[in-house]
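Next comes run_7.cif, a file with mmCIF, C-alpha atoms.
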```cif
data_work
#
loop_
_atom_site.group_PDB
_atom_site.id
_atom_site.type_symbol
_atom_site.label_atom_id
_atom_site.label_comp_id
_atom_site.auth_asym_id
_atom_site.auth_seq_id
_atom_site.Cartn_x
_atom_site.Cartn_y
_atom_site.Cartn_z
ATOM 1 C CA MET A 1 90.140 94.594 78.379
ATOM 2 C CA THR A 2 89.660 92.721 81.603
ATOM 3 C CA ARG A 3 88.938 95.022 84.528
ATOM 4 C CA ARG A 4 89.325 94.662 88.255
ATOM 5 C CA ARG A 5 87.264 96.057 91.066
ATOM 6 C CA MET A 6 88.091 97.647 94.366
ATOM 7 C CA VAL A 7 86.427 97.828 97.747
ATOM 8 C CA LEU A 8 86.487 101.191 99.449
ATOM 9 C CA ALA A 9 86.060 100.475 103.144
ATOM 10 C CA GLY A 10 84.066 103.147 104.892
ATOM 11 C CA GLY A 11 84.454 104.558 108.347
ATOM 12 C CA ALA A 12 87.525 103.437 110.236
ATOM 13 C CA ALA A 13 90.578 105.689 110.204
ATOM 14 C CA ILE A 14 93.993 104.014 110.104
ATOM 15 C CA VAL A 15 96.784 105.331 112.291
ATOM 16 C CA ALA A 16 100.344 104.045 112.151
ATOM 17 C CA ALA A 17 101.650 102.309 115.229
ATOM 18 C CA GLY A 18 104.174 104.516 116.969
ATOM 19 C CA ILE A 19 102.841 107.737 115.483
ATOM 20 C CA GLY A 20 101.046 108.594 118.702
ATOM 21 C CA ALA A 21 98.008 110.735 119.390
ATOM 22 C CA GLY A 22 97.465 113.937 117.514
ATOM 23 C CA VAL A 23 96.385 115.166 114.129
ATOM 24 C CA VAL A 24 96.789 112.501 111.461
ATOM 25 C CA ALA A 25 97.060 113.586 107.851
ATOM 26 C CA THR A 26 95.277 111.408 105.335
ATOM 27 C CA ALA A 27 96.842 111.919 101.939
ATOM 28 C CA SER A 28 94.746 111.383 98.853
ATOM 29 C CA ALA A 29 94.075 112.963 95.486
ATOM 30 C CA ASP A 30 91.093 115.144 94.635
ATOM 31 C CA GLU A 31 90.039 112.616 92.031
ATOM 32 C CA ASP A 32 90.022 109.667 94.465
ATOM 33 C CA THR A 33 86.637 108.379 93.372
ATOM 34 C CA ALA A 34 86.569 109.759 89.854
ATOM 35 C CA GLY A 35 85.307 107.243 87.323
ATOM 36 C CA ALA A 36 84.213 104.757 89.980
ATOM 37 C CA LYS A 37 81.054 102.780 89.321
ATOM 38 C CA LYS A 38 79.168 101.094 92.119
ATOM 39 C CA SER A 39 78.545 97.412 91.503
ATOM 40 C CA GLY A 40 77.398 96.007 94.830
ATOM 41 C CA GLY A 41 79.355 94.919 97.879
ATOM 42 C CA GLY A 42 79.253 93.647 101.410
ATOM 43 C CA GLN A 43 78.188 95.313 104.602
ATOM 44 C CA GLY A 44 80.024 98.598 105.113
ATOM 45 C CA GLU A 45 81.768 98.281 101.751
ATOM 46 C CA GLU A 46 81.197 99.367 98.156
ATOM 47 C CA CYS A 47 82.675 97.648 95.120
ATOM 48 C CA TYR A 48 84.215 99.693 92.339
ATOM 49 C CA ARG A 49 85.657 98.612 89.036
ATOM 50 C CA LEU A 50 89.362 99.265 88.566
ATOM 51 C CA PRO A 51 91.375 100.006 85.422
ATOM 52 C CA SER A 52 93.369 97.395 83.529
ATOM 53 C CA GLU A 53 96.507 95.695 84.803
ATOM 54 C CA THR A 54 99.848 97.539 84.759
ATOM 55 C CA THR A 55 103.268 96.529 83.524
ATOM 56 C CA GLU A 56 105.473 94.233 85.592
ATOM 57 C CA GLY A 57 108.482 96.402 84.812
ATOM 58 C CA PRO A 58 112.000 95.075 84.266
ATOM 59 C CA TYR A 59 112.976 94.517 87.910
ATOM 60 C CA TYR A 60 110.737 91.736 89.183
ATOM 61 C CA ILE A 61 112.473 88.835 90.948
ATOM 62 C CA ASP A 62 110.540 85.728 91.935
ATOM 63 C CA ALA A 63 112.632 85.356 95.069
ATOM 64 C CA ASP A 64 110.055 83.575 97.281
ATOM 65 C CA LYS A 65 111.228 85.540 100.315
ATOM 66 C CA PHE A 66 108.235 84.949 102.600
ATOM 67 C CA ARG A 67 108.500 87.631 105.248
ATOM 68 C CA LYS A 68 106.583 90.515 106.767
ATOM 69 C CA ASP A 69 109.523 92.880 107.292
ATOM 70 C CA ILE A 70 111.309 93.545 103.998
ATOM 71 C CA THR A 71 113.287 96.584 105.184
ATOM 72 C CA GLU A 72 116.618 94.878 105.919
ATOM 73 C CA ASP A 73 119.078 97.724 106.599
ATOM 74 C CA LYS A 74 117.598 100.375 104.331
ATOM 75 C CA GLU A 75 117.047 103.848 105.778
ATOM 76 C CA GLY A 76 113.830 105.736 105.205
ATOM 77 C CA ILE A 77 110.400 106.606 106.539
ATOM 78 C CA PRO A 78 108.832 103.490 108.131
ATOM 79 C CA LEU A 79 105.874 102.303 106.065
ATOM 80 C CA THR A 80 103.268 99.784 107.205
ATOM 81 C CA LEU A 81 101.552 98.495 104.079
ATOM 82 C CA ARG A 82 98.124 96.930 104.698
ATOM 83 C CA LEU A 83 96.638 95.133 101.700
ATOM 84 C CA LYS A 84 93.414 93.229 101.188
ATOM 85 C CA VAL A 85 92.640 90.903 98.271
ATOM 86 C CA ILE A 86 89.032 90.257 97.236
ATOM 87 C CA ASP A 87 87.305 88.396 94.416
ATOM 88 C CA SER A 88 86.166 91.018 91.919
ATOM 89 C CA ASP A 89 82.887 89.208 91.222
ATOM 90 C CA THR A 90 81.777 88.330 94.744
ATOM 91 C CA CYS A 91 83.779 90.889 96.780
ATOM 92 C CA LYS A 92 84.618 88.038 99.154
ATOM 93 C CA PRO A 93 88.161 87.780 100.582
ATOM 94 C CA VAL A 94 90.662 85.665 98.667
ATOM 95 C CA LYS A 95 92.531 83.598 101.249
ATOM 96 C CA HIS A 96 95.926 81.938 100.811
ATOM 97 C CA ALA A 97 96.820 84.140 97.825
ATOM 98 C CA ALA A 98 100.533 84.906 97.539
ATOM 99 C CA VAL A 99 101.092 88.693 97.393
ATOM 100 C CA ASP A 100 104.442 90.007 96.142
ATOM 101 C CA ILE A 101 105.614 93.582 96.618
ATOM 102 C CA TRP A 102 108.837 95.227 95.497
ATOM 103 C CA HIS A 103 110.030 98.806 95.227
ATOM 104 C CA CYS A 104 113.104 101.032 95.139
ATOM 105 C CA ASP A 105 114.821 102.468 98.193
ATOM 106 C CA ALA A 106 114.772 106.100 99.342
ATOM 107 C CA LEU A 107 117.223 107.118 96.594
ATOM 108 C CA GLY A 108 115.615 105.206 93.735
ATOM 109 C CA ILE A 109 117.723 102.025 93.776
ATOM 110 C CA TYR A 110 116.289 98.517 93.277
ATOM 111 C CA SER A 111 117.844 95.526 94.983
ATOM 112 C CA GLY A 112 119.132 93.001 92.493
ATOM 113 C CA TYR A 113 119.729 95.817 90.018
ATOM 114 C CA GLU A 114 121.963 98.283 91.843
ATOM 115 C CA ALA A 115 124.308 98.629 88.853
ATOM 116 C CA MET A 116 121.399 99.537 86.590
ATOM 117 C CA SER A 117 119.693 101.998 88.922
ATOM 118 C CA SER A 118 122.574 103.966 90.450
ATOM 119 C CA GLY A 119 123.926 105.948 87.508
ATOM 120 C CA GLY A 120 123.307 109.459 86.279
ATOM 121 C CA PRO A 121 123.487 112.909 87.879
ATOM 122 C CA GLY A 122 123.766 113.055 91.631
ATOM 123 C CA GLY A 123 125.133 109.580 92.225
ATOM 124 C CA PRO A 124 122.965 106.720 93.517
ATOM 125 C CA GLY A 125 119.420 107.100 92.331
ATOM 126 C CA GLY A 126 120.274 110.370 90.651
ATOM 127 C CA GLY A 127 119.060 109.575 87.175
ATOM 128 C CA GLY A 128 119.440 105.864 86.548
ATOM 129 C CA THR A 129 117.400 103.846 84.114
ATOM 130 C CA PRO A 130 114.566 102.042 85.972
ATOM 131 C CA THR A 131 111.633 103.587 84.087
ATOM 132 C CA ASP A 132 109.662 100.320 83.869
ATOM 133 C CA ALA A 133 110.875 99.861 80.326
ATOM 134 C CA PRO A 134 113.716 97.397 79.578
ATOM 135 C CA SER A 135 117.245 98.713 79.267
ATOM 136 C CA GLY A 136 120.506 96.891 78.714
ATOM 137 C CA THR A 137 123.012 99.354 80.148
ATOM 138 C CA PRO A 138 122.946 102.053 82.851
ATOM 139 C CA THR A 139 123.249 105.112 80.607
ATOM 140 C CA GLY A 140 121.765 107.593 83.053
ATOM 141 C CA ALA A 141 118.906 108.319 80.636
ATOM 142 C CA PRO A 142 115.554 106.642 80.144
ATOM 143 C CA PRO A 143 115.143 104.088 77.344
ATOM 144 C CA SER A 144 113.759 105.188 74.010
ATOM 145 C CA GLY A 145 110.020 105.733 74.006
ATOM 146 C CA GLY A 146 109.990 108.396 76.698
ATOM 147 C CA PRO A 147 110.141 108.453 80.485
ATOM 148 C CA GLY A 148 108.165 105.809 82.247
ATOM 149 C CA GLY A 149 107.717 103.675 79.148
ATOM 150 C CA GLY A 150 105.184 100.909 79.466
ATOM 151 C CA GLY A 151 107.420 98.047 78.365
ATOM 152 C CA GLY A 152 107.275 94.935 80.504
ATOM 153 C CA GLY A 153 110.506 93.345 79.327
ATOM 154 C CA HIS A 154 112.474 91.639 82.082
ATOM 155 C CA SER A 155 116.111 92.422 82.915
ATOM 156 C CA GLU A 156 118.305 89.833 84.589
ATOM 157 C CA PRO A 157 119.524 90.739 88.109
ATOM 158 C CA THR A 158 123.019 92.188 88.403
ATOM 159 C CA ASP A 159 123.562 91.384 92.102
ATOM 160 C CA ASP A 160 122.269 89.118 94.890
ATOM 161 C CA LYS A 161 120.685 91.847 97.064
ATOM 162 C CA ARG A 162 116.989 91.354 97.856
ATOM 163 C CA TYR A 163 116.019 94.227 100.187
ATOM 164 C CA LEU A 164 112.567 95.812 99.818
ATOM 165 C CA ARG A 165 111.153 92.643 98.261
ATOM 166 C CA GLY A 166 108.910 90.074 99.852
ATOM 167 C CA THR A 167 105.892 87.778 99.663
ATOM 168 C CA GLN A 168 103.140 86.834 102.086
ATOM 169 C CA LEU A 169 100.001 84.703 102.014
ATOM 170 C CA THR A 170 96.667 86.387 102.677
ATOM 171 C CA ASP A 171 94.812 85.280 105.801
ATOM 172 C CA LYS A 172 91.214 84.061 105.867
ATOM 173 C CA HIS A 173 90.037 87.663 105.650
ATOM 174 C CA GLY A 174 92.189 88.383 102.589
ATOM 175 C CA TYR A 175 94.731 90.554 104.424
ATOM 176 C CA VAL A 176 98.517 90.828 104.363
ATOM 177 C CA GLU A 177 100.693 93.424 106.083
ATOM 178 C CA PHE A 178 104.252 94.384 105.176
ATOM 179 C CA LYS A 179 106.806 96.437 107.092
ATOM 180 C CA THR A 180 109.001 98.455 104.766
ATOM 181 C CA ILE A 181 110.063 102.057 104.038
ATOM 182 C CA SER A 182 108.467 104.644 101.788
ATOM 183 C CA PRO A 183 110.075 104.395 98.354
ATOM 184 C CA GLY A 184 111.843 107.340 96.800
ATOM 185 C CA TRP A 185 111.799 108.355 93.150
ATOM 186 C CA TYR A 186 113.915 107.958 90.069
ATOM 187 C CA GLN A 187 114.037 109.393 86.578
ATOM 188 C CA GLY A 188 110.813 109.081 84.613
ATOM 189 C CA ARG A 189 108.481 107.616 87.262
ATOM 190 C CA CYS A 190 106.400 108.893 90.154
ATOM 191 C CA VAL A 191 106.671 107.229 93.569
ATOM 192 C CA HIS A 192 105.169 103.737 93.420
ATOM 193 C CA ILE A 193 105.230 100.148 94.688
ATOM 194 C CA HIS A 194 104.894 97.083 92.460
ATOM 195 C CA THR A 195 102.677 94.127 93.338
ATOM 196 C CA LYS A 196 101.632 90.715 92.042
ATOM 197 C CA VAL A 197 98.917 88.374 93.308
ATOM 198 C CA HIS A 198 99.275 84.626 92.726
ATOM 199 C CA VAL A 199 96.508 82.058 93.286
ATOM 200 C CA GLY A 200 96.036 78.326 92.886
ATOM 201 C CA GLY A 201 99.483 77.330 94.128
ATOM 202 C CA LYS A 202 100.660 75.876 97.424
ATOM 203 C CA MET A 203 103.419 76.301 99.964
ATOM 204 C CA THR A 204 106.276 73.797 99.756
ATOM 205 C CA ASP A 205 109.736 73.589 101.307
ATOM 206 C CA ALA A 206 111.005 75.463 98.257
ATOM 207 C CA GLY A 207 108.414 78.259 98.535
ATOM 208 C CA TYR A 208 105.152 78.970 96.734
ATOM 209 C CA GLU A 209 104.776 76.671 93.742
ATOM 210 C CA GLY A 210 102.171 76.173 91.043
ATOM 211 C CA GLY A 211 99.128 78.306 90.363
ATOM 212 C CA HIS A 212 99.171 81.468 88.271
ATOM 213 C CA THR A 213 99.447 85.251 88.528
ATOM 214 C CA CYS A 214 95.965 86.783 88.503
ATOM 215 C CA HIS A 215 96.988 90.401 89.012
ATOM 216 C CA THR A 216 99.985 92.635 88.338
ATOM 217 C CA GLY A 217 99.701 96.241 89.440
ATOM 218 C CA GLN A 218 101.245 99.253 91.120
ATOM 219 C CA PHE A 219 100.359 101.338 94.169
ATOM 220 C CA PHE A 220 100.745 105.112 94.069
ATOM 221 C CA PHE A 221 101.355 107.920 96.571
ATOM 222 C CA ALA A 222 99.468 111.223 96.718
ATOM 223 C CA GLU A 223 101.555 114.219 95.703
ATOM 224 C CA SER A 224 101.074 115.902 99.095
ATOM 225 C CA ALA A 225 102.610 112.898 100.859
ATOM 226 C CA VAL A 226 105.561 112.771 98.468
ATOM 227 C CA LEU A 227 106.248 116.463 99.079
ATOM 228 C CA ASP A 228 106.181 115.798 102.830
ATOM 229 C CA SER A 229 108.595 112.886 102.453
ATOM 230 C CA ALA A 230 110.961 115.053 100.397
ATOM 231 C CA GLU A 231 111.632 117.083 103.555
ATOM 232 C CA VAL A 232 112.958 114.007 105.391
ATOM 233 C CA GLU A 233 116.435 112.465 105.040
ATOM 234 C CA PRO A 234 117.608 110.609 103.024
ATOM 235 C CA TYR A 235 114.878 111.590 100.527
ATOM 236 C CA SER A 236 115.851 115.246 100.916
ATOM 237 C CA THR A 237 119.362 114.465 99.613
ATOM 238 C CA SER A 238 118.130 113.256 96.227
ATOM 239 C CA THR A 239 119.034 115.465 93.266
ATOM 240 C CA THR A 240 116.876 113.533 90.806
ATOM 241 C CA THR A 241 114.245 115.510 88.921
ATOM 242 C CA ARG A 242 110.999 114.121 90.248
ATOM 243 C CA THR A 243 108.085 113.007 88.060
ATOM 244 C CA THR A 244 104.776 113.985 89.657
ATOM 245 C CA LEU A 245 101.753 111.742 89.992
ATOM 246 C CA THR A 246 99.899 113.464 87.162
ATOM 247 C CA GLU A 247 102.980 113.415 84.901
ATOM 248 C CA ASP A 248 103.521 109.678 85.284
ATOM 249 C CA THR A 249 102.839 107.529 82.208
ATOM 250 C CA ILE A 250 101.683 104.446 84.152
ATOM 251 C CA TYR A 251 99.294 106.025 86.672
ATOM 252 C CA ASP A 252 95.938 106.670 84.956
ATOM 253 C CA ARG A 253 94.900 109.665 87.113
ATOM 254 C CA SER A 254 91.746 107.957 88.380
ATOM 255 C CA GLY A 255 92.660 108.193 92.073
ATOM 256 C CA VAL A 256 91.813 105.241 94.291
ATOM 257 C CA THR A 257 90.381 103.326 91.342
ATOM 258 C CA GLY A 258 93.803 103.493 89.685
ATOM 259 C CA GLY A 259 95.844 102.260 92.643
ATOM 260 C CA LEU A 260 96.222 105.413 94.743
ATOM 261 C CA MET A 261 96.680 104.336 98.358
ATOM 262 C CA LYS A 262 95.199 105.816 101.492
ATOM 263 C CA LEU A 263 98.135 107.169 103.488
ATOM 264 C CA SER A 264 97.897 108.108 107.158
ATOM 265 C CA TYR A 265 100.603 109.851 109.182
ATOM 266 C CA ARG A 266 101.025 112.586 111.752
ATOM 267 C CA LYS A 267 101.390 115.936 110.054
ATOM 268 C CA HIS A 268 104.894 117.445 110.428
ATOM 269 C CA HIS A 269 106.099 114.155 111.943
ATOM 270 C CA MET A 270 106.074 111.929 108.877
ATOM 271 C CA ALA A 271 109.498 110.563 109.759
ATOM 272 C CA ARG A 272 107.876 108.616 112.602
ATOM 273 C CA GLY A 273 105.928 106.426 110.209
ATOM 274 C CA VAL A 274 103.178 106.076 107.639
ATOM 275 C CA VAL A 275 100.385 103.565 107.097
ATOM 276 C CA GLY A 276 99.368 102.805 103.513
ATOM 277 C CA SER A 277 96.264 100.754 102.743
ATOM 278 C CA ILE A 278 94.362 99.588 99.682
ATOM 279 C CA THR A 279 92.098 96.733 98.600
ATOM 280 C CA MET A 280 92.778 94.851 95.390
ATOM 281 C CA GLY A 281 89.949 93.249 93.464
ATOM 282 C CA VAL A 282 91.177 90.322 91.357
ATOM 283 C CA ASP A 283 89.646 87.689 89.097
ATOM 284 C CA PRO A 284 91.192 84.422 90.317
ATOM 285 C CA ASP A 285 90.368 82.735 87.007
ATOM 286 C CA GLU A 286 92.297 85.244 84.893
ATOM 287 C CA THR A 287 96.029 85.396 84.208
ATOM 288 C CA HIS A 288 97.754 88.785 84.271
ATOM 289 C CA ASP A 289 101.527 88.559 84.624
ATOM 290 C CA GLY A 290 102.197 92.097 83.383
ATOM 291 C CA THR A 291 104.792 91.086 80.794
ATOM 292 C CA ASP A 292 102.618 91.723 77.732
ATOM 293 C CA LEU A 293 101.905 95.403 78.428
#
```

Mind turning this structure into structure tokens?
Amino acid sequence: MTRRRMVLAGGAAIVAAGIGAGVVATASADEDTAGAKKSGGGQGEECYRLPSETTEGPYYIDADKFRKDITEDKEGIPLTLRLKVIDSDTCKPVKHAAVDIWHCDALGIYSGYEAMSSGGPGGPGGGGTPTDAPSGTPTGAPPSGGPGGGGGGHSEPTDDKRYLRGTQLTDKHGYVEFKTISPGWYQGRCVHIHTKVHVGGKMTDAGYEGGHTCHTGQFFFAESAVLDSAEVEPYSTSTTTRTTLTEDTIYDRSGVTGGLMKLSYRKHHMARGVVGSITMGVDPDETHDGTDL
């Protein structure tokens, strides 16, 4: 199984713009560095191998919406997502890679699939079907195979909404930054954000064309941060039974090496904003589109 690596940047603390001075909570899991193996790295950085790719899930849309702010009109806790892409062999930045992210809203609904992710107890987001396994109809229960099934089968969009989806090109240092909201939860999955990294293509008038997908993965949120978010509206209005980080069937429980983000926010004032950051190690020569998992 092909494996990725991650850089864990040392030293600098990240504070969300607008949070202000004061105590900043950094949310992480106790097992953040569990299973990590040092393999070299640049100055001030250490390279770690990461687990295998994760499923694309059924709700990916190649929309080519190149934009930094993907929030549109969705309500929720402001989230600044800072991502870095590096070559897993050299640990050097990968520039001009196209990074996709997509996730559900505060009540567990995906744009493009509102009819499939709004059924079940409690109304919108209260028990719909997006468990990252394919499903043909919104039955209000997860597909066969158990909650959070690993199927990568694609479902066709049911509407033309595209909120909380976007793409950006990495700069010469391998960075992209998105403005969004913290996702909520839905039946069978812990809180997460999907991502893809594409390389070898080029920008055209029609968007990013050519190349291939070298990484498909998911970012995860520490349980302490999710509990804090559950105290803030509209997350606090959800009646969906929440799947915890350690109960999730996609997250491998390896902490940072499995996609767990560093989250920074002012304690007791999470509603003002959160910064999430992580570095993705990819092999630009490999193809991982997440549909065969």

*asked:* If I take CA of Val226 in chain A and CA of His154 in chain A, how far is one from the other in Å, to one decimal?
replied: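 So the two atoms, CA of Val226 in chain A and CA of His154 in chain A, lie 27.6 Å apart.
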
*Point-to-point distance in Å for CA of Tyr59 in chain A and CA of Phe178 in chain A*: 19.3 Å

_For a quick check of your reading of the model, name the residues lying within 6 Å of the coordinate (111.0, 108.7, 108.4), counting all atoms listed in the file, and write them as JSON, numbers by chain._
{"A": [76, 77, 78, 270, 271, 272, 273]}

I need the chosen residues saved as a PDB file, in the coordinates of the input, with C-alpha atoms.
```
ATOM      1  CA  GLY A  76     113.830 105.736 105.205  1.00  0.00           C
ATOM      2  CA  ILE A  77     110.400 106.606 106.539  1.00  0.00           C
ATOM      3  CA  PRO A  78     108.832 103.490 108.131  1.00  0.00           C
ATOM      4  CA  MET A 270     106.074 111.929 108.877  1.00  0.00           C
ATOM      5  CA  ALA A 271     109.498 110.563 109.759  1.00  0.00           C
ATOM      6  CA  ARG A 272     107.876 108.616 112.602  1.00  0.00           C
ATOM      7  CA  GLY A 273     105.928 106.426 110.209  1.00  0.00           C
TER       8      GLY A 273
END
```

_Under the rule that only C-alpha atoms are counted, which of A:Asp105, A:Asp69, A:Asp89, A:Glu56 is the nearest residue to Tyr235 in chain A?_
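Checking each candidate against Tyr235 in chain A, we get A:Asp105 as the closest.
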
*Pull out every residue that the PyMOL selection byres ((chain A and resi 159) around 10) matches in the shown coordinates and put them as a ChimeraX atom specification.*
/A:111-115,156-158,160-162
